[in-house]
file my_file_14.cif (mmCIF, C-alpha atoms)
data_final
loop_
_atom_site.label_atom_id
_atom_site.label_comp_id
_atom_site.auth_asym_id
_atom_site.auth_seq_id
_atom_site.Cartn_x
_atom_site.Cartn_y
_atom_site.Cartn_z
CA MET A 1 10.65 3.43 -6.14
CA SER A 2 7.02 4.64 -6.28
CA GLU A 3 6.03 8.25 -5.62
CA LEU A 4 4.38 7.24 -2.35
CA ALA A 5 7.50 5.45 -1.15
CA MET A 6 9.66 8.44 -2.11
CA SER A 7 7.30 10.75 -0.23
CA PHE A 8 7.52 8.52 2.83
CA VAL A 9 11.31 8.51 2.71
CA ALA A 10 11.35 12.31 2.40
CA LEU A 11 8.96 12.66 5.33
CA ALA A 12 10.98 10.27 7.45
CA GLY A 13 14.18 12.18 6.61
CA PHE A 14 12.52 15.44 7.60
CA VAL A 15 11.35 13.99 10.91
CA VAL A 16 14.77 12.56 11.74
CA GLY A 17 16.40 15.88 10.88
CA ALA A 18 13.88 17.84 12.93
CA LEU A 19 14.39 15.62 15.95
CA ALA A 20 18.17 15.87 15.61
CA VAL A 21 18.00 19.67 15.43
CA LEU A 22 15.77 19.79 18.50
CA PHE A 23 18.12 17.54 20.43
CA TYR A 24 21.25 19.48 19.36
CA ARG A 25 19.70 22.86 20.16
CA ASN A 26 18.63 21.71 23.60
CA GLN A 27 22.16 20.49 24.32
CA ILE A 28 24.00 23.61 23.03
CA GLU A 29 21.69 26.53 23.76
CA ALA A 30 20.49 25.53 27.22
CA PRO A 31 23.21 23.53 28.97
CA SER A 32 22.18 24.84 32.37
CA ARG A 33 18.64 23.54 32.27
CA THR A 34 17.53 19.93 31.98
CA THR A 35 17.05 18.69 28.42
CA GLU A 36 14.94 15.71 29.32
CA ILE A 37 11.29 15.12 30.07
CA GLU A 38 9.76 12.11 31.69
CA SER A 39 7.80 9.73 29.49
CA VAL A 40 4.33 9.23 30.90
CA GLU A 41 4.34 5.63 29.71
CA THR A 42 7.68 4.38 31.05
CA GLY A 43 9.20 7.09 33.22
CA ALA A 44 12.38 7.02 31.07
CA ALA A 45 14.24 10.11 29.85
CA LEU A 46 13.43 11.64 26.47
CA PRO A 47 14.98 14.65 24.71
CA GLN A 48 12.86 17.76 25.08
CA GLY A 49 10.58 18.41 22.09
CA VAL A 50 10.66 14.85 20.76
CA ALA A 51 7.22 13.95 22.16
CA SER A 52 5.67 17.02 20.51
CA VAL A 53 7.04 16.07 17.10
CA LEU A 54 5.99 12.43 17.41
CA ALA A 55 2.47 13.44 18.44
CA VAL A 56 1.76 14.99 15.02
CA LEU A 57 3.07 12.09 12.92
CA PRO A 58 0.41 10.09 11.06
CA SER A 59 2.66 7.02 10.87
CA SER A 60 3.66 4.65 13.65
CA ALA A 61 6.60 6.09 15.62
CA VAL A 62 8.64 4.51 18.41
CA VAL A 63 11.66 5.77 20.39
CA LEU A 64 13.87 3.12 22.01
CA ASP A 65 16.48 3.69 24.69
CA ALA A 66 19.93 2.09 24.81
CA HIS A 67 18.44 -1.05 26.38
CA ASP A 68 15.70 -1.52 23.75
CA ARG A 69 12.99 -0.23 26.08
CA VAL A 70 10.22 1.87 24.53
CA LEU A 71 10.50 5.47 25.73
CA ARG A 72 7.68 6.78 23.58
CA ALA A 73 5.25 5.18 21.14
CA SER A 74 2.52 6.76 19.06
CA SER A 75 -1.04 5.51 19.35
CA ALA A 76 -0.78 4.07 15.83
CA ALA A 77 2.20 1.92 16.85
CA ARG A 78 0.21 0.46 19.73
CA ALA A 79 -2.94 0.02 17.63
CA PHE A 80 -1.00 -2.05 15.08
CA GLY A 81 0.52 -4.18 17.83
CA LEU A 82 4.08 -3.02 17.18
CA VAL A 83 4.43 -2.00 20.83
CA LYS A 84 3.16 -3.65 23.98
CA GLY A 85 3.97 -2.03 27.30
CA ASP A 86 7.61 -0.95 27.03
CA ARG A 87 8.57 -3.60 24.49
CA LEU A 88 8.89 -3.49 20.71
CA MET A 89 7.09 -6.64 19.55
CA ALA A 90 8.37 -6.86 15.95
CA ALA A 91 11.61 -8.88 16.02
CA GLU A 92 12.75 -7.54 12.62
CA LEU A 93 12.36 -3.95 13.80
CA LEU A 94 14.26 -4.69 16.98
CA ALA A 95 17.13 -6.22 14.99
CA LEU A 96 17.27 -3.13 12.73
CA ALA A 97 17.28 -0.84 15.76
CA ARG A 98 20.26 -2.69 17.25
CA GLN A 99 22.20 -2.47 13.97
CA VAL A 100 21.52 1.29 13.77
CA ARG A 101 22.64 1.75 17.38
CA ARG A 102 25.91 -0.06 16.65
CA ASP A 103 27.01 1.77 13.50
CA GLY A 104 24.87 4.93 13.53
CA GLU A 105 23.64 4.42 9.95
CA ILE A 106 20.03 5.04 8.94
CA ARG A 107 18.31 1.92 7.60
CA GLU A 108 15.20 1.37 5.53
CA SER A 109 13.28 -1.84 4.96
CA GLU A 110 9.86 -3.44 4.54
CA ILE A 111 8.42 -5.88 7.05
CA ASP A 112 5.25 -7.93 7.44
CA VAL A 113 3.63 -8.06 10.85
CA ALA A 114 0.89 -10.45 11.94
CA GLY A 115 -2.46 -8.76 11.38
CA HIS A 116 -3.84 -6.87 14.38
CA LYS A 117 -7.15 -5.97 12.72
CA PHE A 118 -10.11 -8.32 12.33
CA GLY A 119 -9.95 -10.25 9.08
CA GLN A 120 -6.45 -9.02 8.20
CA GLU A 121 -3.76 -11.70 8.07
CA THR A 122 -0.67 -9.45 7.81
CA THR A 123 0.15 -5.76 7.75
CA ASN A 124 2.94 -4.55 5.50
CA PHE A 125 5.08 -1.65 6.74
CA ALA A 126 7.70 0.53 5.08
CA VAL A 127 10.13 1.29 7.92
CA ARG A 128 12.95 3.73 8.52
CA VAL A 129 15.21 3.44 11.58
CA ALA A 130 17.62 6.20 12.62
CA PRO A 131 19.84 7.08 15.60
CA LEU A 132 18.50 9.78 17.91
CA GLY A 133 21.05 11.76 19.94
CA THR A 134 24.16 10.39 21.60
CA TYR A 135 22.70 8.20 24.34
CA GLY A 136 21.94 5.12 22.26
CA GLN A 137 18.36 6.12 21.56
CA VAL A 138 16.81 5.02 18.26
CA LEU A 139 13.84 6.35 16.32
CA VAL A 140 11.64 3.86 14.43
CA LEU A 141 9.10 5.08 11.85
CA ALA A 142 6.70 2.56 10.25
CA GLU A 143 4.18 3.42 7.52
CA ASP A 144 1.30 1.02 6.87
CA GLN A 145 1.21 0.33 3.13
CA THR A 146 -1.05 -2.74 3.17
CA GLU A 147 -3.93 -0.98 1.44
CA ARG A 148 -1.67 0.59 -1.17
CA ARG A 149 -0.20 -2.81 -2.00
CA ARG A 150 -3.69 -4.31 -2.23
CA VAL A 151 -4.83 -1.54 -4.59
CA GLU A 152 -1.73 -1.98 -6.73
CA ALA A 153 -2.36 -5.73 -6.94
CA VAL A 154 -5.99 -5.13 -7.93
CA ARG A 155 -4.88 -2.60 -10.54
CA ARG A 156 -2.32 -5.00 -12.03
CA ASP A 157 -4.87 -7.81 -12.16
CA PHE A 158 -7.45 -5.49 -13.70
CA VAL A 159 -5.08 -4.30 -16.43
CA ALA A 160 -4.00 -7.88 -17.18
CA ASN A 161 -7.61 -9.10 -17.31
CA VAL A 162 -8.78 -6.21 -19.48
CA SER A 163 -5.89 -6.77 -21.87
CA HIS A 164 -6.74 -10.45 -22.12
CA GLU A 165 -10.48 -9.88 -22.56
CA LEU A 166 -10.00 -7.21 -25.22
CA LYS A 167 -7.39 -9.26 -27.05
CA THR A 168 -9.81 -12.17 -27.58
CA PRO A 169 -12.56 -10.41 -29.61
CA VAL A 170 -10.09 -8.10 -31.37
CA GLY A 171 -7.98 -11.08 -32.46
CA ALA A 172 -11.10 -12.95 -33.56
CA LEU A 173 -12.28 -9.98 -35.63
CA SER A 174 -8.89 -9.71 -37.32
CA LEU A 175 -8.83 -13.42 -38.13
CA LEU A 176 -12.41 -13.42 -39.43
CA ALA A 177 -11.69 -10.40 -41.64
CA GLU A 178 -8.75 -12.24 -43.21
CA THR A 179 -10.91 -15.34 -43.68
CA ILE A 180 -13.65 -13.35 -45.43
CA GLN A 181 -11.07 -11.79 -47.70
CA ASP A 182 -9.78 -15.23 -48.69
CA ALA A 183 -13.33 -16.55 -49.18
CA ALA A 184 -14.59 -13.65 -51.28
CA ASP A 185 -15.77 -16.05 -54.00
CA ASP A 186 -17.83 -18.15 -51.57
CA PRO A 187 -21.04 -16.26 -50.62
CA GLU A 188 -22.08 -18.82 -48.00
CA ALA A 189 -18.72 -18.62 -46.24
CA VAL A 190 -18.81 -14.81 -46.31
CA THR A 191 -22.27 -14.81 -44.77
CA ARG A 192 -21.25 -17.29 -42.07
CA PHE A 193 -18.07 -15.45 -41.12
CA ALA A 194 -19.81 -12.08 -41.24
CA GLY A 195 -22.25 -13.37 -38.65
CA ARG A 196 -19.33 -14.43 -36.46
CA MET A 197 -17.84 -10.97 -36.86
CA GLN A 198 -21.10 -9.40 -35.71
CA HIS A 199 -21.07 -11.68 -32.66
CA GLU A 200 -17.50 -10.73 -31.73
CA ALA A 201 -18.19 -7.04 -32.37
CA ALA A 202 -21.22 -7.21 -30.06
CA ARG A 203 -19.12 -8.94 -27.41
CA LEU A 204 -16.48 -6.21 -27.70
CA ASN A 205 -19.17 -3.55 -27.43
CA TYR A 206 -20.63 -5.14 -24.28
CA LEU A 207 -17.18 -5.34 -22.71
CA VAL A 208 -16.41 -1.67 -23.39
CA GLN A 209 -19.83 -0.61 -22.08
CA ASP A 210 -19.37 -2.66 -18.91
CA LEU A 211 -15.90 -1.22 -18.37
CA ILE A 212 -17.26 2.32 -18.72
CA THR A 213 -20.12 1.57 -16.31
CA LEU A 214 -17.79 -0.06 -13.80
CA SER A 215 -15.27 2.80 -13.92
CA ARG A 216 -18.10 5.25 -13.27
CA ILE A 217 -19.43 3.56 -10.16
CA GLN A 218 -16.60 1.47 -8.67
CA GLY A 219 -15.50 4.22 -6.27
CA ALA A 220 -18.73 3.70 -4.24
CA GLU A 221 -19.25 7.45 -4.40
CA PRO A 222 -22.73 8.91 -3.87
CA ILE A 223 -24.92 9.14 -6.94
CA PRO A 224 -24.52 12.70 -8.31
CA THR A 225 -28.17 13.28 -9.26
CA PRO A 226 -30.37 10.82 -7.35
CA GLY A 227 -34.10 10.72 -7.82
CA GLN A 228 -37.11 8.66 -6.88
CA VAL A 229 -37.05 5.32 -8.70
CA SER A 230 -40.02 3.03 -9.30
CA ILE A 231 -39.00 -0.59 -8.71
CA ASP A 232 -41.85 -1.81 -10.92
CA GLU A 233 -40.62 0.20 -13.89
CA ALA A 234 -36.99 -0.82 -13.34
CA VAL A 235 -37.93 -4.52 -13.21
CA HIS A 236 -40.12 -4.17 -16.32
CA ASP A 237 -37.33 -2.45 -18.29
CA ALA A 238 -34.73 -5.03 -17.24
CA ILE A 239 -36.98 -7.97 -18.18
CA ASP A 240 -37.83 -6.35 -21.50
CA HIS A 241 -34.12 -5.98 -22.26
CA CYS A 242 -33.38 -9.65 -21.47
CA ASN A 243 -36.48 -11.17 -23.03
CA THR A 244 -34.90 -11.94 -26.42
CA LYS A 245 -32.15 -14.10 -24.90
CA ALA A 246 -34.69 -15.84 -22.67
CA VAL A 247 -37.03 -16.65 -25.57
CA ALA A 248 -34.12 -18.16 -27.52
CA LYS A 249 -33.71 -20.72 -24.70
CA ASP A 250 -37.45 -21.04 -23.98
CA ILE A 251 -36.89 -19.56 -20.52
CA THR A 252 -39.85 -17.78 -18.97
CA LEU A 253 -39.17 -14.48 -17.17
CA VAL A 254 -41.64 -13.90 -14.34
CA SER A 255 -42.02 -10.92 -12.01
CA GLY A 256 -44.00 -10.76 -8.80
CA GLY A 257 -44.17 -9.57 -5.23
CA THR A 258 -45.17 -6.21 -3.78
CA GLU A 259 -45.94 -3.49 -6.29
CA GLY A 260 -45.53 0.25 -5.89
CA LEU A 261 -42.24 0.19 -3.93
CA ARG A 262 -39.68 2.90 -4.60
CA ILE A 263 -36.12 3.79 -3.73
CA TRP A 264 -34.03 6.95 -3.90
CA GLY A 265 -31.26 6.54 -6.47
CA ASP A 266 -30.51 6.26 -10.17
CA ASP A 267 -33.03 4.42 -12.37
CA GLU A 268 -30.49 3.73 -15.14
CA LEU A 269 -28.02 2.12 -12.73
CA LEU A 270 -30.75 0.03 -11.11
CA VAL A 271 -31.93 -1.25 -14.49
CA THR A 272 -28.30 -2.06 -15.36
CA ALA A 273 -27.88 -4.08 -12.16
CA LEU A 274 -31.13 -6.00 -12.66
CA ARG A 275 -30.34 -6.61 -16.32
CA ASN A 276 -27.00 -8.13 -15.36
CA LEU A 277 -28.62 -10.38 -12.75
CA ILE A 278 -31.31 -11.57 -15.17
CA ASP A 279 -28.82 -12.03 -18.03
CA ASN A 280 -26.64 -14.08 -15.69
CA ALA A 281 -29.60 -16.22 -14.63
CA VAL A 282 -30.62 -16.87 -18.24
CA ALA A 283 -27.06 -17.70 -19.32
CA TYR A 284 -26.59 -20.32 -16.59
CA SER A 285 -30.07 -21.87 -16.75
CA PRO A 286 -31.08 -24.86 -18.86
CA GLU A 287 -33.80 -24.56 -21.48
CA HIS A 288 -37.50 -24.69 -20.58
CA THR A 289 -37.02 -23.26 -17.08
CA ARG A 290 -38.07 -20.06 -15.29
CA VAL A 291 -36.30 -17.01 -13.92
CA VAL A 292 -38.29 -15.19 -11.26
CA VAL A 293 -37.82 -11.56 -10.22
CA SER A 294 -39.57 -10.83 -6.92
CA VAL A 295 -39.88 -7.62 -4.91
CA ARG A 296 -40.75 -7.23 -1.25
CA PRO A 297 -40.53 -4.61 1.50
CA ALA A 298 -38.02 -5.21 4.31
CA ASN A 299 -38.57 -2.50 6.95
CA GLU A 300 -36.37 0.40 5.80
CA SER A 301 -35.24 -1.41 2.65
CA VAL A 302 -36.57 -2.92 -0.54
CA GLU A 303 -35.40 -6.39 -1.54
CA ILE A 304 -35.28 -7.41 -5.20
CA SER A 305 -34.45 -11.08 -5.78
CA VAL A 306 -33.59 -12.85 -9.04
CA SER A 307 -33.95 -16.64 -8.79
CA ASP A 308 -33.13 -19.26 -11.40
CA GLN A 309 -33.23 -23.05 -11.77
CA GLY A 310 -29.72 -23.19 -13.17
CA ILE A 311 -26.56 -25.12 -12.49
CA GLY A 312 -25.79 -23.29 -9.23
CA ILE A 313 -22.48 -22.05 -7.85
CA PRO A 314 -19.91 -24.16 -5.96
CA GLU A 315 -19.60 -23.15 -2.32
CA GLU A 316 -15.90 -22.36 -2.65
CA ALA A 317 -16.67 -19.83 -5.43
CA LEU A 318 -19.36 -17.88 -3.58
CA GLU A 319 -16.86 -15.57 -1.85
CA ARG A 320 -15.33 -14.53 -5.19
CA ILE A 321 -18.43 -14.38 -7.34
CA PHE A 322 -18.57 -10.56 -7.29
CA GLU A 323 -14.93 -10.07 -8.31
CA ARG A 324 -14.21 -8.49 -11.66
CA PHE A 325 -13.58 -11.06 -14.41
CA PHE A 326 -14.06 -13.97 -12.03
CA ARG A 327 -15.84 -16.87 -13.73
CA VAL A 328 -16.95 -20.13 -12.17
CA ASP A 329 -16.89 -21.76 -15.59
CA ALA A 330 -14.75 -19.69 -17.95
CA ALA A 331 -15.47 -21.81 -21.02
CA ARG A 332 -19.24 -21.64 -20.51
CA SER A 333 -19.13 -17.90 -19.78
CA ARG A 334 -17.24 -17.12 -22.99
CA ALA A 335 -19.61 -19.33 -24.96
CA THR A 336 -22.55 -17.29 -23.66
CA GLY A 337 -20.81 -14.00 -24.45
CA GLY A 338 -20.35 -12.89 -20.84
CA THR A 339 -17.76 -10.24 -19.99
CA GLY A 340 -17.11 -11.35 -16.41
CA LEU A 341 -18.01 -7.86 -15.16
CA GLY A 342 -21.77 -8.19 -14.65
CA LEU A 343 -21.80 -9.19 -10.98
CA ALA A 344 -19.03 -6.72 -10.13
CA ILE A 345 -21.23 -3.99 -11.60
CA VAL A 346 -24.17 -5.21 -9.50
CA LYS A 347 -22.04 -5.02 -6.33
CA HIS A 348 -20.93 -1.46 -7.06
CA VAL A 349 -24.44 -0.33 -8.01
CA ALA A 350 -25.65 -1.63 -4.65
CA ALA A 351 -22.82 0.20 -2.87
CA ALA A 352 -23.58 3.43 -4.75
CA HIS A 353 -27.15 3.22 -3.40
CA ALA A 354 -25.89 2.52 0.16
CA GLY A 355 -27.23 -1.01 -0.21
CA GLU A 356 -25.84 -4.51 -0.61
CA VAL A 357 -26.14 -7.64 -2.72
CA SER A 358 -26.07 -11.21 -1.46
CA VAL A 359 -26.29 -14.65 -3.03
CA TRP A 360 -27.70 -18.04 -2.11
CA SER A 361 -26.82 -20.98 -4.30
CA LYS A 362 -26.66 -24.73 -4.34
CA GLU A 363 -25.13 -26.77 -7.12
CA GLY A 364 -27.84 -28.36 -9.21
CA SER A 365 -30.62 -26.36 -7.53
CA GLY A 366 -30.12 -22.86 -8.90
CA SER A 367 -29.18 -19.51 -7.41
CA THR A 368 -30.89 -16.47 -5.89
CA PHE A 369 -29.26 -13.03 -5.97
CA THR A 370 -30.84 -10.40 -3.73
CA LEU A 371 -30.41 -6.64 -3.97
CA ARG A 372 -31.22 -4.87 -0.71
CA LEU A 373 -31.60 -1.09 -1.21
CA PRO A 374 -32.75 1.70 1.13
CA ALA A 375 -36.41 2.56 0.57
CA PHE A 376 -37.50 6.03 -0.45
CA GLY A 377 -38.62 8.00 2.59
CA GLY A 378 -36.91 5.63 5.03
CA THR A 379 -39.72 3.03 5.03
CA ALA A 380 -40.74 0.55 2.34
CA VAL A 381 -44.32 1.63 1.60
CA ALA A 382 -46.21 0.75 -1.58
CA VAL A 383 -47.38 3.77 -3.59
CA PRO A 384 -50.39 3.35 -5.91
CA PRO A 385 -49.31 3.44 -9.57
CA SER A 386 -51.79 6.25 -10.23
CA ILE A 387 -49.62 8.63 -8.15
CA PRO A 388 -46.73 10.02 -10.24
CA LEU A 389 -43.19 10.12 -8.88
CA GLU A 390 -43.15 13.89 -8.44
CA THR A 391 -46.36 13.85 -6.37
CA ALA A 392 -45.16 10.92 -4.24
CA ARG A 393 -41.93 12.79 -3.57
CA ASP A 394 -43.84 15.69 -2.01
#
call {"tool": "encode", "arguments": {"input": "my_file_14.cif", "output": "structure tokens"}}
result
Amino acid sequence: MSELAMSFVALAGFVVGALAVLFYRNQIEAPSRTTEIESVETGAALPQGVASVLAVLPSSAVVLDAHDRVLRASSAARAFGLVKGDRLMAAELLALARQVRRDGEIRESEIDVAGHKFGQETTNFAVRVAPLGTYGQVLVLAEDQTERRRVEAVRRDFVANVSHELKTPVGALSLLAETIQDAADDPEAVTRFAGRMQHEAARLNYLVQDLITLSRIQGAEPIPTPGQVSIDEAVHDAIDHCNTKAVAKDITLVSGGTEGLRIWGDDELLVTALRNLIDNAVAYSPEHTRVVVSVRPANESVEISVSDQGIGIPEEALERIFERFFRVDAARSRATGGTGLGLAIVKHVAAAHAGEVSVWSKEGSGSTFTLRLPAFGGTAVAVPPSIPLETARD
């Protein structure tokens, strides 16, 4: 059992105990006065003090009477659709409540409920059901653990993918080292395999660098030391970094659009994002084509687009293109030395700048990735290059 689950069980046990003590004390210490209050929602009787305890619970809480009517339900229980009117809507919870009422034993379980939030198919709950008092009332506690399960699944996938990606170049380096040792008397073979080792070492280096970058920015936290960033300089640096790969394929890198635009952020992260977009465009473009980087103002934002004449992206893959390690064509990506993290880094860089990234693509016609980032000063205004950053900031 995970620490979170154990904490939930402990909290649920505390709540059940607290409610039992309240109920017992009301029955023993004040027999002459009424021990019940009227529920605003149903008009049914409820032990005194129960409503106050339920009101402070962060989880979904429901109290049922002996006839399965809802005496009290927290706002969370209604928001998740567990309760409607005076009825408990989850059949599994209702069955558990009836079992607890029959034998008086506390029960724990996990249930999936049809999603009540937009875009969410199901909600997973850790539930604890316990008897409450001696009148057939039952307390139901349900803790939403959908997000925790999603994070755990992402973490497992990430660890598995990282292990696989690291294993490939490390295994290749080990094999090549053995091959060179066996071919020590063949200078041509040593030279050839040494070149392969350099390629695999570079691939391993890129993967580690991308992992470090991704771990630094994936929390979508604000940039610690933002500053004024020149888009022109960032585009120039990114193109300069990618030019060698482009020349090798006779691909022309072109920049254009509005000059002098600036954003408030981190210049190193912006260059990293643009470099990944341009590298991606070059890797998936045929020889003798062009990759165009264009910049334009868009009211309160600056849009930077990277367009290629490449193979394009299938429509069914567009929704997953920014996932870590997702590859449309795994064989082609590995052949080009890609780590599968480039577009995930772009997405998180955009989020760190309070911006977004989008993609348009058509198979056989190329792709266009667009970074949309908040402009410095709240409005996208071109600043003459003769004015330094510090002066423009004032």
call {"tool": "residues_around", "arguments": {"input": "my_file_14.cif", "residues": "Val293 in chain A", "least_positions_apart": "3", "cutoff": "9 Å", "atoms": "only C-alpha atoms", "output": "PyMOL selection string"}}
result
chain A and resi 235+239+253-257+278+304-307
call {"tool": "closest_residue", "arguments": {"input": "my_file_14.cif", "among": "A:Ala375, A:Leu139, A:Ala351, A:Ala194", "to": "Arg98 in chain A", "atoms": "only C-alpha atoms"}}
result
A:Leu139
call {"tool": "resolve_selection", "arguments": {"input": "my_file_14.cif", "expression": "the PyMOL selection byres ((chain A and resi 315) around 10)", "output": "MDAnalysis selection string"}}
result
chainID A and resid 312:314 316:319 360:363
call {"tool": "resolve_selection", "arguments": {"input": "my_file_14.cif", "expression": "the PyMOL selection byres ((chain A and resi 75) around 12)", "output": "ChimeraX atom specification"}}
result
/A:41,54-62,72-74,76-84
call {"tool": "atom_distance", "arguments": {"input": "my_file_14.cif", "atom1": "CA of Asp237 in chain A", "atom2": "CA of Ile263 in chain A"}}
result
15.9 Å
call {"tool": "resolve_selection", "arguments": {"input": "my_file_14.cif", "expression": "the PyMOL selection byres ((chain A and resi 248) around 12)", "output": "list of chain:residue names"}}
result
A:Cys242, A:Asn243, A:Thr244, A:Lys245, A:Ala246, A:Val247, A:Lys249, A:Asp250, A:Ile251, A:Thr252, A:Val282, A:Ala283, A:Pro286, A:Glu287, A:His288, A:Thr289
call {"tool": "atom_distance", "arguments": {"input": "my_file_14.cif", "atom1": "CA of Phe369 in chain A", "atom2": "CA of Asp267 in chain A"}}
result
19.0 Å
call {"tool": "residues_around", "arguments": {"input": "my_file_14.cif", "residues": "Val140 in chain A", "least_positions_apart": "4", "cutoff": "12 Å", "atoms": "all atoms listed in the file", "output": "tab-separated table (two decimals) with C-alpha atoms, in the frame of the given file"}}
result
chain	number	residue	atom	x	y	z
A	12	ALA	CA	10.98	10.27	7.45
A	13	GLY	CA	14.18	12.18	6.61
A	15	VAL	CA	11.35	13.99	10.91
A	16	VAL	CA	14.77	12.56	11.74
A	54	LEU	CA	5.99	12.43	17.41
A	57	LEU	CA	3.07	12.09	12.92
A	59	SER	CA	2.66	7.02	10.87
A	60	SER	CA	3.66	4.65	13.65
A	61	ALA	CA	6.60	6.09	15.62
A	62	VAL	CA	8.64	4.51	18.41
A	63	VAL	CA	11.66	5.77	20.39
A	64	LEU	CA	13.87	3.12	22.01
A	65	ASP	CA	16.48	3.69	24.69
A	68	ASP	CA	15.70	-1.52	23.75
A	70	VAL	CA	10.22	1.87	24.53
A	71	LEU	CA	10.50	5.47	25.73
A	72	ARG	CA	7.68	6.78	23.58
A	73	ALA	CA	5.25	5.18	21.14
A	74	SER	CA	2.52	6.76	19.06
A	77	ALA	CA	2.20	1.92	16.85
A	82	LEU	CA	4.08	-3.02	17.18
A	83	VAL	CA	4.43	-2.00	20.83
A	88	LEU	CA	8.89	-3.49	20.71
A	90	ALA	CA	8.37	-6.86	15.95
A	92	GLU	CA	12.75	-7.54	12.62
A	93	LEU	CA	12.36	-3.95	13.80
A	94	LEU	CA	14.26	-4.69	16.98
A	95	ALA	CA	17.13	-6.22	14.99
A	96	LEU	CA	17.27	-3.13	12.73
A	97	ALA	CA	17.28	-0.84	15.76
A	98	ARG	CA	20.26	-2.69	17.25
A	100	VAL	CA	21.52	1.29	13.77
A	101	ARG	CA	22.64	1.75	17.38
A	106	ILE	CA	20.03	5.04	8.94
A	107	ARG	CA	18.31	1.92	7.60
A	108	GLU	CA	15.20	1.37	5.53
A	109	SER	CA	13.28	-1.84	4.96
A	125	PHE	CA	5.08	-1.65	6.74
A	126	ALA	CA	7.70	0.53	5.08
A	127	VAL	CA	10.13	1.29	7.92
A	128	ARG	CA	12.95	3.73	8.52
A	129	VAL	CA	15.21	3.44	11.58
A	130	ALA	CA	17.62	6.20	12.62
A	131	PRO	CA	19.84	7.08	15.60
A	132	LEU	CA	18.50	9.78	17.91
call {"tool": "closest_residue", "arguments": {"input": "my_file_14.cif", "among": "A:Leu176, A:Thr146, A:Glu268, A:Asp308", "to": "Pro226 in chain A", "atoms": "all atoms listed in the file"}}
result
A:Glu268
call {"tool": "closest_residue", "arguments": {"input": "my_file_14.cif", "among": "A:Gly377, A:Trp264, A:Ala352, A:Leu207", "to": "Lys167 in chain A", "atoms": "all atoms listed in the file"}}
result
A:Leu207
call {"tool": "atom_distance", "arguments": {"input": "my_file_14.cif", "atom1": "CA of Val162 in chain A", "atom2": "CA of Gln198 in chain A"}}
result
20.6 Å
call {"tool": "closest_residue", "arguments": {"input": "my_file_14.cif", "among": "A:Ile180, A:Ala66, A:Val159, A:Leu173", "to": "Tyr135 in chain A", "atoms": "all atoms listed in the file"}}
result
A:Ala66
call {"tool": "closest_residue", "arguments": {"input": "my_file_14.cif", "among": "A:Ala177, A:Leu373, A:Ala354, A:Val229", "to": "Val190 in chain A", "atoms": "all atoms listed in the file"}}
result
A:Ala177
call {"tool": "closest_residue", "arguments": {"input": "my_file_14.cif", "among": "A:Ala273, A:Ser174, A:Gly340, A:Ala184", "to": "Arg196 in chain A", "atoms": "all atoms listed in the file"}}
result
A:Ser174
call {"tool": "build_atoms", "arguments": {"input": "my_file_14.cif", "residues": "range 297-308 of chain A", "atoms": "N, CA and C atoms", "output": "PDB file, keeping the file's coordinate frame"}}
result
ATOM      1  N   PRO A 297     -41.022  -5.593   0.529  1.00  0.00           N
ATOM      2  CA  PRO A 297     -40.530  -4.610   1.500  1.00  0.00           C
ATOM      3  C   PRO A 297     -39.792  -5.309   2.638  1.00  0.00           C
ATOM      4  N   ALA A 298     -38.773  -4.659   3.182  1.00  0.00           N
ATOM      5  CA  ALA A 298     -38.020  -5.210   4.310  1.00  0.00           C
ATOM      6  C   ALA A 298     -37.689  -4.070   5.265  1.00  0.00           C
ATOM      7  N   ASN A 299     -38.714  -3.623   6.014  1.00  0.00           N
ATOM      8  CA  ASN A 299     -38.570  -2.500   6.950  1.00  0.00           C
ATOM      9  C   ASN A 299     -38.130  -1.234   6.236  1.00  0.00           C
ATOM     10  N   GLU A 300     -36.866  -0.836   6.410  1.00  0.00           N
ATOM     11  CA  GLU A 300     -36.370   0.400   5.800  1.00  0.00           C
ATOM     12  C   GLU A 300     -35.759   0.162   4.427  1.00  0.00           C
ATOM     13  N   SER A 301     -35.854  -1.064   3.924  1.00  0.00           N
ATOM     14  CA  SER A 301     -35.240  -1.410   2.650  1.00  0.00           C
ATOM     15  C   SER A 301     -36.234  -2.079   1.717  1.00  0.00           C
ATOM     16  N   VAL A 302     -35.822  -2.165   0.464  1.00  0.00           N
ATOM     17  CA  VAL A 302     -36.570  -2.920  -0.540  1.00  0.00           C
ATOM     18  C   VAL A 302     -35.659  -4.034  -1.042  1.00  0.00           C
ATOM     19  N   GLU A 303     -36.179  -5.250  -1.071  1.00  0.00           N
ATOM     20  CA  GLU A 303     -35.400  -6.390  -1.540  1.00  0.00           C
ATOM     21  C   GLU A 303     -35.906  -6.842  -2.903  1.00  0.00           C
ATOM     22  N   ILE A 304     -34.964  -6.943  -3.851  1.00  0.00           N
ATOM     23  CA  ILE A 304     -35.280  -7.410  -5.200  1.00  0.00           C
ATOM     24  C   ILE A 304     -34.456  -8.681  -5.431  1.00  0.00           C
ATOM     25  N   SER A 305     -35.139  -9.796  -5.628  1.00  0.00           N
ATOM     26  CA  SER A 305     -34.450 -11.080  -5.780  1.00  0.00           C
ATOM     27  C   SER A 305     -34.622 -11.615  -7.193  1.00  0.00           C
ATOM     28  N   VAL A 306     -33.559 -12.193  -7.724  1.00  0.00           N
ATOM     29  CA  VAL A 306     -33.590 -12.850  -9.040  1.00  0.00           C
ATOM     30  C   VAL A 306     -33.207 -14.309  -8.812  1.00  0.00           C
ATOM     31  N   SER A 307     -34.168 -15.224  -9.043  1.00  0.00           N
ATOM     32  CA  SER A 307     -33.950 -16.640  -8.790  1.00  0.00           C
ATOM     33  C   SER A 307     -34.015 -17.436 -10.087  1.00  0.00           C
ATOM     34  N   ASP A 308     -33.132 -18.417 -10.204  1.00  0.00           N
ATOM     35  CA  ASP A 308     -33.130 -19.260 -11.400  1.00  0.00           C
ATOM     36  C   ASP A 308     -33.117 -20.730 -11.006  1.00  0.00           C
TER      37      ASP A 308
END
